[in-house]
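Source file: run06.txt (compact mmCIF, C-alpha atoms)
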```
# COMPACT_ATOMS: atom_id res chain seq x y z
CA MET K 1 -0.73 -58.02 27.03
CA ALA K 2 -3.77 -60.29 26.99
CA PRO K 3 -4.64 -61.86 23.61
CA ALA K 4 -8.07 -60.20 23.62
CA GLU K 5 -6.44 -56.81 24.24
CA LEU K 6 -3.99 -57.36 21.42
CA ALA K 7 -6.75 -58.42 19.02
CA LEU K 8 -8.82 -55.36 19.93
CA THR K 9 -5.80 -53.07 19.50
CA LEU K 10 -5.02 -54.46 16.05
CA ALA K 11 -8.65 -54.20 14.96
CA ALA K 12 -8.76 -50.63 16.26
CA ALA K 13 -5.61 -49.81 14.26
CA GLY K 14 -7.24 -51.27 11.16
CA ALA K 15 -10.31 -49.12 11.76
CA GLY K 16 -8.07 -46.09 12.32
CA SER K 17 -6.36 -46.75 8.97
CA VAL K 18 -9.70 -46.93 7.19
CA LEU K 19 -10.77 -43.65 8.81
CA ARG K 20 -7.48 -42.05 7.75
CA TYR K 21 -7.97 -43.26 4.19
CA LEU K 22 -11.51 -41.88 4.05
CA LEU K 23 -11.01 -38.57 5.86
CA GLY K 24 -7.56 -37.86 4.41
CA GLY K 25 -8.75 -38.70 0.91
CA TRP K 26 -11.83 -36.53 1.26
CA VAL K 27 -9.93 -33.51 2.60
CA ALA K 28 -7.21 -33.89 -0.06
CA HIS K 29 -9.86 -34.12 -2.76
CA ARG K 30 -11.61 -30.98 -1.48
CA MET K 31 -8.49 -28.88 -0.94
CA GLY K 32 -6.54 -29.76 -4.10
CA PRO K 33 -3.01 -31.05 -4.61
CA GLU K 34 -0.93 -27.93 -3.87
CA PHE K 35 -0.51 -28.72 -0.20
CA PRO K 36 -1.00 -32.02 1.70
CA TRP K 37 -4.00 -30.85 3.71
CA GLY K 38 -5.43 -34.35 4.10
CA THR K 39 -2.49 -35.69 6.11
CA LEU K 40 -2.30 -32.48 8.14
CA ALA K 41 -5.98 -32.74 9.08
CA VAL K 42 -5.67 -36.41 10.02
CA ASN K 43 -2.58 -35.89 12.18
CA ALA K 44 -3.96 -32.85 13.98
CA LEU K 45 -7.27 -34.57 14.66
CA GLY K 46 -5.50 -37.70 15.90
CA CYS K 47 -3.39 -35.63 18.30
CA LEU K 48 -6.53 -33.94 19.62
CA GLY K 49 -8.09 -37.35 20.20
CA LEU K 50 -4.99 -38.68 21.97
CA GLY K 51 -4.87 -35.55 24.16
CA LEU K 52 -8.52 -35.99 25.16
CA LEU K 53 -7.87 -39.65 25.95
CA GLN K 54 -4.74 -38.91 28.00
CA GLY K 55 -6.54 -36.16 29.87
CA ALA K 56 -9.72 -38.08 30.59
CA ALA K 57 -8.28 -41.51 31.40
CA PRO K 58 -4.56 -41.17 32.14
CA HIS K 59 -4.37 -44.42 34.14
CA ASP K 60 -6.63 -46.74 32.15
CA ARG K 61 -3.93 -48.93 30.61
CA ALA K 62 -6.27 -51.03 28.45
CA LEU K 63 -8.05 -47.98 27.02
CA LEU K 64 -4.76 -46.23 26.29
CA LEU K 65 -3.54 -49.35 24.51
CA VAL K 66 -6.62 -49.99 22.38
CA LEU K 67 -7.49 -46.37 21.55
CA GLY K 68 -4.05 -44.75 21.87
CA SER K 69 -1.70 -47.36 20.39
CA GLY K 70 -4.43 -48.88 18.21
CA LEU K 71 -7.08 -46.53 16.85
CA LEU K 72 -5.26 -43.18 17.01
CA ALA K 73 -1.76 -44.46 16.19
CA GLY K 74 -3.24 -46.28 13.17
CA PHE K 75 -5.22 -43.17 12.23
CA THR K 76 -2.27 -40.77 12.26
CA THR K 77 0.75 -41.35 10.06
CA PHE K 78 4.35 -40.26 10.14
CA SER K 79 5.50 -41.89 6.91
CA THR K 80 3.07 -40.07 4.62
CA LEU K 81 3.96 -36.77 6.29
CA MET K 82 7.64 -37.43 5.57
CA LEU K 83 7.03 -38.56 1.97
CA GLU K 84 4.87 -35.54 1.18
CA THR K 85 7.41 -33.20 2.77
CA ALA K 86 10.25 -34.83 0.84
CA ASN K 87 8.20 -34.59 -2.37
CA LEU K 88 7.61 -30.87 -1.80
CA ALA K 89 11.28 -30.32 -1.01
CA THR K 90 12.56 -32.17 -4.08
CA ALA K 91 10.03 -30.32 -6.28
CA GLY K 92 11.67 -27.05 -5.27
CA GLU K 93 8.83 -26.08 -2.94
CA ARG K 94 11.05 -25.53 0.08
CA ASP K 95 8.64 -23.09 1.72
CA ARG K 96 5.73 -25.47 1.55
CA ALA K 97 7.85 -28.38 2.76
CA PHE K 98 8.94 -26.30 5.74
CA SER K 99 5.40 -25.08 6.48
CA ASN K 100 4.12 -28.64 6.28
CA ILE K 101 6.54 -30.09 8.79
CA VAL K 102 6.57 -27.16 11.21
CA GLY K 103 2.82 -26.56 10.88
CA THR K 104 1.96 -30.20 11.50
CA LEU K 105 4.24 -30.38 14.53
CA ALA K 106 2.95 -27.12 16.04
CA LEU K 107 -0.68 -27.97 15.38
CA GLY K 108 -0.19 -31.52 16.71
CA LEU K 109 1.48 -30.42 19.94
CA PHE K 110 -1.12 -27.70 20.46
CA ALA K 111 -4.01 -30.12 19.81
CA LEU K 112 -2.42 -32.64 22.16
CA SER K 113 -2.08 -30.27 25.12
CA ALA K 114 -5.43 -28.56 24.51
CA GLY K 115 -7.07 -31.98 24.27
CA ALA K 116 -5.40 -33.14 27.48
CA ARG K 117 -6.70 -30.09 29.35
CA ALA K 118 -10.20 -30.48 27.93
CA GLY K 119 -10.18 -34.20 28.72
CA ALA K 120 -9.04 -33.67 32.31
CA TRP K 121 -11.66 -30.96 32.77
CA ALA K 122 -14.43 -33.14 31.32
CA ALA K 123 -13.44 -36.09 33.52
CA GLY K 124 -13.58 -33.80 36.54
CA MET W 1 9.84 -54.13 -28.82
CA GLU W 2 10.52 -51.32 -31.23
CA THR W 3 7.64 -50.10 -33.33
CA GLU W 4 7.06 -47.28 -35.73
CA ARG W 5 3.68 -45.70 -36.06
CA THR W 6 2.05 -42.46 -36.99
CA VAL W 7 0.38 -40.94 -34.02
CA ALA W 8 -2.15 -38.16 -34.46
CA GLN W 9 -3.07 -35.59 -31.91
CA ALA W 10 -6.35 -33.74 -32.30
CA THR W 11 -6.83 -30.64 -30.21
CA VAL W 12 -10.46 -29.67 -29.87
CA ARG W 13 -11.49 -26.26 -28.59
CA LEU W 14 -14.83 -26.36 -26.85
CA GLY W 15 -17.11 -23.70 -25.41
CA SER W 16 -18.26 -25.48 -22.28
CA GLU W 17 -17.66 -28.39 -19.99
CA LEU W 18 -20.88 -30.00 -21.13
CA GLN W 19 -19.58 -30.07 -24.70
CA CYS W 20 -16.32 -31.43 -23.40
CA GLU W 21 -18.07 -34.23 -21.60
CA ARG W 22 -19.96 -35.19 -24.74
CA ALA W 23 -16.72 -35.21 -26.73
CA VAL W 24 -14.97 -37.35 -24.10
CA ARG W 25 -17.84 -39.81 -24.08
CA LEU W 26 -17.63 -40.11 -27.83
CA ALA W 27 -13.86 -40.65 -27.65
CA HIS W 28 -14.28 -43.33 -25.00
CA ARG W 29 -17.01 -45.05 -26.97
CA ARG W 30 -14.75 -45.19 -30.01
CA GLY W 31 -11.85 -46.44 -27.90
CA VAL W 32 -9.48 -43.52 -28.39
CA ALA W 33 -6.32 -44.25 -26.40
CA SER W 34 -6.06 -40.95 -24.58
CA ALA W 35 -8.50 -38.10 -24.08
CA THR W 36 -7.28 -35.33 -21.80
CA ALA W 37 -9.27 -32.23 -21.00
CA TYR W 38 -7.77 -29.01 -19.74
CA ARG W 39 -8.99 -25.50 -19.20
CA GLY W 40 -7.68 -22.73 -21.38
CA PRO W 41 -6.72 -19.26 -20.18
CA GLU W 42 -9.50 -16.76 -19.69
CA THR W 43 -9.72 -14.51 -22.74
CA GLY W 44 -12.26 -11.75 -22.31
CA SER W 45 -15.49 -13.30 -21.12
CA ALA W 46 -15.00 -16.63 -22.89
CA ARG W 47 -13.29 -19.49 -21.17
CA HIS W 48 -12.58 -22.44 -23.39
CA VAL W 49 -12.11 -26.05 -22.54
CA PHE W 50 -9.58 -27.96 -24.60
CA LEU W 51 -9.63 -31.64 -25.27
CA MET W 52 -6.58 -33.45 -26.51
CA LEU W 53 -7.15 -36.76 -28.26
CA LEU W 54 -4.22 -39.03 -28.94
CA ASP W 55 -4.14 -42.26 -30.87
CA GLU W 56 -2.92 -43.83 -34.06
CA GLU W 57 -3.69 -41.76 -37.13
CA GLY W 58 -6.39 -44.05 -38.45
CA LYS W 59 -8.32 -44.05 -35.22
CA ILE W 60 -8.29 -40.28 -34.92
CA GLU W 61 -9.33 -39.90 -38.59
CA GLY W 62 -12.26 -42.17 -37.89
CA VAL W 63 -13.49 -40.19 -34.93
CA LEU W 64 -13.18 -36.69 -36.40
CA PRO W 65 -16.27 -36.74 -38.70
CA GLU W 66 -18.47 -37.85 -35.81
CA LEU W 67 -16.95 -35.22 -33.58
CA ARG W 68 -17.63 -32.50 -36.15
CA GLU W 69 -21.20 -33.65 -36.48
CA LEU W 70 -21.73 -33.76 -32.72
CA LEU W 71 -20.12 -30.37 -32.06
CA PRO W 72 -20.22 -28.21 -35.19
CA ASP W 73 -18.87 -25.16 -33.35
CA ALA W 74 -15.76 -26.82 -31.99
CA GLY W 75 -12.40 -25.74 -33.38
CA ILE W 76 -10.33 -28.78 -34.27
CA SER W 77 -6.69 -28.96 -35.24
CA VAL W 78 -4.79 -32.14 -35.95
CA SER W 79 -1.06 -32.79 -35.91
CA ARG W 80 0.71 -36.01 -36.87
CA GLU W 81 3.99 -37.43 -35.84
CA VAL W 82 5.85 -40.57 -36.76
CA VAL W 83 7.10 -42.11 -33.57
CA VAL W 84 9.62 -44.86 -33.10
CA HIS W 85 9.47 -46.10 -29.60
CA GLU W 86 10.31 -48.91 -27.30
CA ALA W 87 7.33 -48.15 -25.16
CA PRO W 88 5.70 -50.96 -23.25
CA ARG W 89 3.51 -53.04 -25.50
CA GLY W 90 -0.04 -51.87 -25.48
CA PHE W 91 0.87 -48.29 -24.62
CA LEU W 92 -1.68 -46.86 -27.02
CA GLU W 93 -4.25 -49.29 -25.72
CA GLY W 94 -3.90 -47.64 -22.35
CA GLU W 95 -2.23 -50.54 -20.57
CA ALA W 96 0.90 -48.72 -19.56
CA LEU W 97 -0.72 -45.94 -17.61
CA ARG W 98 -3.12 -46.55 -14.81
CA PRO W 99 -3.94 -43.18 -13.33
CA ARG W 100 -4.57 -42.82 -9.63
CA PRO W 101 -8.24 -42.21 -8.87
CA SER W 102 -8.85 -38.65 -7.81
CA ARG W 103 -11.14 -39.66 -4.99
CA ALA W 104 -10.73 -42.40 -2.41
CA GLY W 105 -12.35 -45.51 -3.85
CA LEU W 106 -14.46 -47.55 -1.49
CA GLY W 107 -13.62 -50.89 -3.05
CA HIS W 108 -10.46 -51.59 -1.05
CA LEU W 109 -11.47 -50.66 2.49
CA GLY W 110 -11.05 -54.24 3.65
CA TRP W 111 -7.44 -54.28 2.43
CA VAL W 112 -6.69 -50.97 4.13
CA PHE W 113 -8.13 -52.40 7.35
CA ALA W 114 -6.08 -55.61 7.17
CA GLY W 115 -2.90 -53.73 6.29
CA GLY W 116 -3.51 -51.29 9.12
CA ALA W 117 -3.89 -54.12 11.64
CA LEU W 118 -0.69 -55.80 10.41
CA GLY W 119 1.20 -52.49 10.50
CA ALA W 120 0.14 -51.95 14.12
CA ALA W 121 1.28 -55.47 15.00
CA ALA W 122 4.70 -54.70 13.50
CA ARG W 123 4.86 -51.38 15.37
CA LEU W 124 3.95 -53.04 18.69
CA ALA W 125 6.56 -55.75 18.06
CA VAL W 126 9.31 -53.17 17.36
CA GLU W 127 8.31 -51.12 20.41
CA GLY W 128 8.21 -54.22 22.62
CA ALA W 129 11.62 -55.41 21.44
CA ALA W 130 13.16 -51.96 22.00
CA ARG W 131 11.62 -51.78 25.45
CA ARG W 132 13.01 -55.20 26.42
CA LEU W 133 16.50 -54.21 25.27
CA ALA W 134 16.75 -51.28 27.69
CA PRO W 135 13.71 -51.02 29.97
CA ALA W 136 14.93 -48.08 32.07
CA ALA W 137 16.10 -45.91 29.19
CA TYR W 138 13.02 -46.63 27.10
CA GLU W 139 10.69 -44.61 29.31
CA ALA W 140 12.82 -41.51 28.78
CA PHE W 141 13.58 -42.09 25.11
CA PRO W 142 11.06 -44.38 23.33
CA TRP W 143 13.24 -45.15 20.34
CA GLY W 144 11.08 -48.09 19.18
CA THR W 145 8.46 -45.68 17.82
CA LEU W 146 11.26 -43.59 16.34
CA ALA W 147 12.70 -46.64 14.57
CA ALA W 148 9.28 -47.69 13.22
CA ASN W 149 8.65 -44.15 11.98
CA ALA W 150 12.04 -43.89 10.25
CA ALA W 151 11.71 -47.33 8.65
CA GLY W 152 8.19 -46.58 7.46
CA SER W 153 9.30 -43.24 5.99
CA PHE W 154 12.02 -45.00 4.01
CA LEU W 155 9.71 -47.73 2.73
CA ILE W 156 6.85 -45.41 1.74
CA ALA W 157 9.30 -43.32 -0.30
CA ILE W 158 9.85 -46.44 -2.40
CA PHE W 159 6.48 -48.15 -2.50
CA GLY W 160 4.26 -45.09 -2.20
CA THR W 161 5.62 -43.13 -5.15
CA LEU W 162 3.82 -42.51 -8.42
CA ILE W 163 6.67 -44.20 -10.27
CA PHE W 164 6.08 -47.38 -8.35
CA GLU W 165 2.35 -47.34 -9.01
CA ARG W 166 2.93 -48.90 -12.39
CA PHE W 167 4.04 -52.10 -10.72
CA VAL W 168 1.45 -52.52 -8.00
CA GLY W 169 -2.27 -52.90 -8.30
CA GLU W 170 -4.75 -50.85 -6.34
CA ARG W 171 -5.29 -53.71 -3.92
CA ALA W 172 -1.61 -54.10 -3.01
CA ARG W 173 -1.34 -50.32 -2.66
CA ALA W 174 -4.32 -50.24 -0.31
CA PHE W 175 -2.85 -53.02 1.84
CA TRP W 176 0.84 -52.12 1.96
CA VAL W 177 0.99 -48.35 1.51
CA LEU W 178 -2.27 -46.99 2.93
CA GLY W 179 -2.75 -49.75 5.51
CA PHE W 180 0.56 -51.27 6.60
CA LEU W 181 2.97 -48.33 6.26
CA GLY W 182 0.39 -45.79 7.42
CA SER W 183 -0.27 -47.75 10.58
CA LEU W 184 3.34 -48.88 11.20
CA THR W 185 4.17 -45.21 11.62
CA THR W 186 2.35 -42.89 13.95
CA PHE W 187 2.26 -39.16 14.41
CA SER W 188 0.08 -39.03 17.55
CA SER W 189 2.38 -41.24 19.66
CA TYR W 190 5.39 -39.35 18.32
CA ALA W 191 3.84 -36.03 19.39
CA LEU W 192 2.94 -37.44 22.82
CA HIS W 193 6.47 -38.79 23.40
CA THR W 194 7.91 -35.44 22.35
CA LEU W 195 5.64 -33.50 24.71
CA ARG W 196 6.26 -35.88 27.64
CA GLY W 197 9.99 -35.85 26.94
CA TRP W 198 10.00 -32.07 26.82
CA GLU W 199 8.21 -31.88 30.18
CA ALA W 200 10.78 -34.23 31.75
CA SER W 201 13.85 -32.71 30.08
CA PRO W 202 13.77 -30.18 27.23
CA LEU W 203 17.03 -31.59 25.89
CA LEU W 204 15.67 -35.11 25.62
CA GLY W 205 12.31 -33.95 24.27
CA GLY W 206 13.97 -31.76 21.68
CA LEU W 207 16.33 -34.55 20.70
CA TYR W 208 13.44 -36.99 20.30
CA GLY W 209 11.19 -34.55 18.45
CA GLY W 210 13.85 -33.10 16.19
CA GLY W 211 15.69 -36.38 15.75
CA SER W 212 12.54 -38.18 14.58
CA LEU W 213 11.79 -35.50 11.99
CA LEU W 214 15.37 -35.37 10.76
CA LEU W 215 15.72 -39.14 10.52
CA GLY W 216 12.31 -39.52 8.89
CA LEU W 217 13.01 -36.84 6.33
CA LEU W 218 16.45 -38.22 5.50
CA ALA W 219 14.97 -41.72 5.20
CA ALA W 220 12.25 -40.46 2.84
CA LEU W 221 14.76 -38.54 0.71
CA ALA W 222 17.01 -41.61 0.54
CA GLY W 223 14.04 -43.74 -0.49
CA LEU W 224 13.05 -41.29 -3.22
CA ARG W 225 16.60 -41.18 -4.54
CA LEU W 226 16.82 -44.96 -4.58
CA THR W 227 13.49 -45.24 -6.40
CA ARG W 228 14.57 -42.75 -9.06
CA ARG W 229 17.88 -44.50 -9.53
CA LEU W 230 16.44 -48.00 -9.86
CA LEU W 231 13.31 -47.32 -11.94
```

structure tokens encoding of this file:
Amino acid sequence: MAPAELALTLAAAGAGSVLRYLLGGWVAHRMGPEFPWGTLAVNALGCLGLGLLQGAAPHDRALLLVLGSGLLAGFTTFSTLMLETANLATAGERDRAFSNIVGTLALGLFALSAGARAGAWAAG
Amino acid sequence: METERTVAQATVRLGSELQCERAVRLAHRRGVASATAYRGPETGSARHVFLMLLDEEGKIEGVLPELRELLPDAGISVSREVVVHEAPRGFLEGEALRPRPSRAGLGHLGWVFAGGALGAAARLAVEGAARRLAPAAYEAFPWGTLAANAAGSFLIAIFGTLIFERFVGERARAFWVLGFLGSLTTFSSYALHTLRGWEASPLLGGLYGGGSLLLGLLAALAGLRLTRRLL
């Protein structure tokens, strides 16, 4: 990995984190505290983005690194999903904890494959 | 430090949010320790807003005449209680509680950015090390990402909890929790690995996908339990 590539990837991950903070915070503020909608929105959107990228440029190693491992990996988060699910579960909200984890996974996988198809189609 | 004081709680029933805002402003101007507004149940067509003021007796007594003058229609009831407590010093001055802002503040974006970049560096380092350990197996089962995700889930269950917020400032929270831990872990790469694994071998994909969730959840639960035990 070239130093310039690494620097770009880290900067992209920083930018992704800032976007997550802003978008996730905004969605959570709008939707209220009953369900972690902010994290769900961020993770689904990030999966859609990664699908588009994988579909449109499956062999561009540098782009996959900077945007895939940097921007989108920094944008989406696994730890917050787990903390929020564990918080729901320990608060006795088993149903919501289950919906959160299964819903995020289903939506993420769907967004990923739909994005990949759309990306491949757009790239011709 | 053990102290004994008489704390007074004034509950003010108000007709509208505008009135409530004026009352809160007054309380803030007079330095009342705590002013909490909440909405009452709907009774008929009226929907009241309640304001709870909490401070030492003298302070509350001082504010009440002004409050009555400002809002003559408000219903006010006061209760007093002698409390002996070992609360942190300055509790009534509002030092002990630092509530989380309800909306993302824009003041710490730089710290989120820096933490996010560092978190990605740590994730790339873990992934690289795991790949070097077993290059052939890594393509089929990228356990570096899994390890970073599980570790991040454990750490955020300690440092990202409300209990812990008392000990860290907003800046440290922005850097370590929102930036570093958010970026150390990734959902998009996890989903991609799961999908790719599933396409290659449903067993491996299922093991990766389910295993990550199970490990992450167990790590988060363990972190929460540890936090509650220690703090």

Q: Quick one: pull the distance between CA of Leu226 in chain W and CA of Phe167 in chain W, Å, one decimal.
A: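 Going from CA of Leu226 in chain W over to CA of Phe167 in chain W covers 15.9 Å.
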
Q. Which residues of chain W are close to chain K, meaning at most 7 Å apart when you count only C-alpha atoms, and how do they look as an NGL selection string?
A. :W and (102-104 or 109 or 112-117 or 120-121 or 149 or 152-153 or 156-157 or 178-179 or 181-183 or 185-189 or 191 or 216-217 or 220-221)

(Q) Could you check the closest approach to Ala174 in chain W for each of W:Leu106, W:Leu133, W:Ile158, W:Ala150 and tell me which residue wins, using all atoms listed in the file? (A)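 Among the listed residues, the smallest separation from Ala174 in chain W belongs to W:Leu106.
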
Q) Could you name the residues that touch Ala122 in chain K at 12 Å or less, counting all atoms listed in the file, but leaving out those on the same chain fewer than 4 positions away, as a PyMOL selection string? A) chain K and resi 52-57+115-118

I need the chosen residues saved as a PDB file, in the frame of the given file, with C-alpha atoms.
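Saved file result27.pdb follows:
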```pdb
ATOM      1  CA  LEU K  52      -8.520 -35.990  25.160  1.00  0.00           C
ATOM      2  CA  LEU K  53      -7.870 -39.650  25.950  1.00  0.00           C
ATOM      3  CA  GLN K  54      -4.740 -38.910  28.000  1.00  0.00           C
ATOM      4  CA  GLY K  55      -6.540 -36.160  29.870  1.00  0.00           C
ATOM      5  CA  ALA K  56      -9.720 -38.080  30.590  1.00  0.00           C
ATOM      6  CA  ALA K  57      -8.280 -41.510  31.400  1.00  0.00           C
ATOM      7  CA  GLY K 115      -7.070 -31.980  24.270  1.00  0.00           C
ATOM      8  CA  ALA K 116      -5.400 -33.140  27.480  1.00  0.00           C
ATOM      9  CA  ARG K 117      -6.700 -30.090  29.350  1.00  0.00           C
ATOM     10  CA  ALA K 118     -10.200 -30.480  27.930  1.00  0.00           C
TER      11      ALA K 118
END
```

Q: Please provide the set of residues having any atom within 9 Å of Phe35 in chain K, restricted to all atoms listed in the file, with same-chain residues fewer than 4 positions apart removed, written as a list of chain:residue names.
A: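 The contact residues come out as K:Ala28, K:Met31, K:Glu84, K:Leu88, K:Arg96, K:Ala97, K:Asn100.
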
Q | Among listed residues W:Ile60, W:Leu230, W:Leu53, W:Val82, nearest Glu4 in chain W (using all atoms listed in the file) | A |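 Between W:Ile60, W:Leu230, W:Leu53, W:Val82, the residue approaching Glu4 in chain W most closely is W:Val82.
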
Step by step, gather every atom of range 27-34 of chain K that the file lists, find the box along x, y and z that holds them, add 4 Å on each side, and finally give centre and edge lengths in Å to one decimal, as AutoDock Vina command-line options.
```
--center_x -6.3 --center_y -31.0 --center_z -1.0 --size_x 18.7 --size_y 14.2 --size_z 15.2
```

Q) Quick one, how far is CA of Gly119 in chain W from CA of Trp176 in chain W? A)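 Between CA of Gly119 in chain W and CA of Trp176 in chain W the gap is 8.6 Å.
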
Q. Using all atoms listed in the file, which residues sit within 9 Å of Leu146 in chain W once same-chain residues fewer than 6 positions away are excluded, as a list in words?
A. Thr185, Tyr190, Tyr208, Gly211, Ser212, Leu215 and Gly216 of chain W
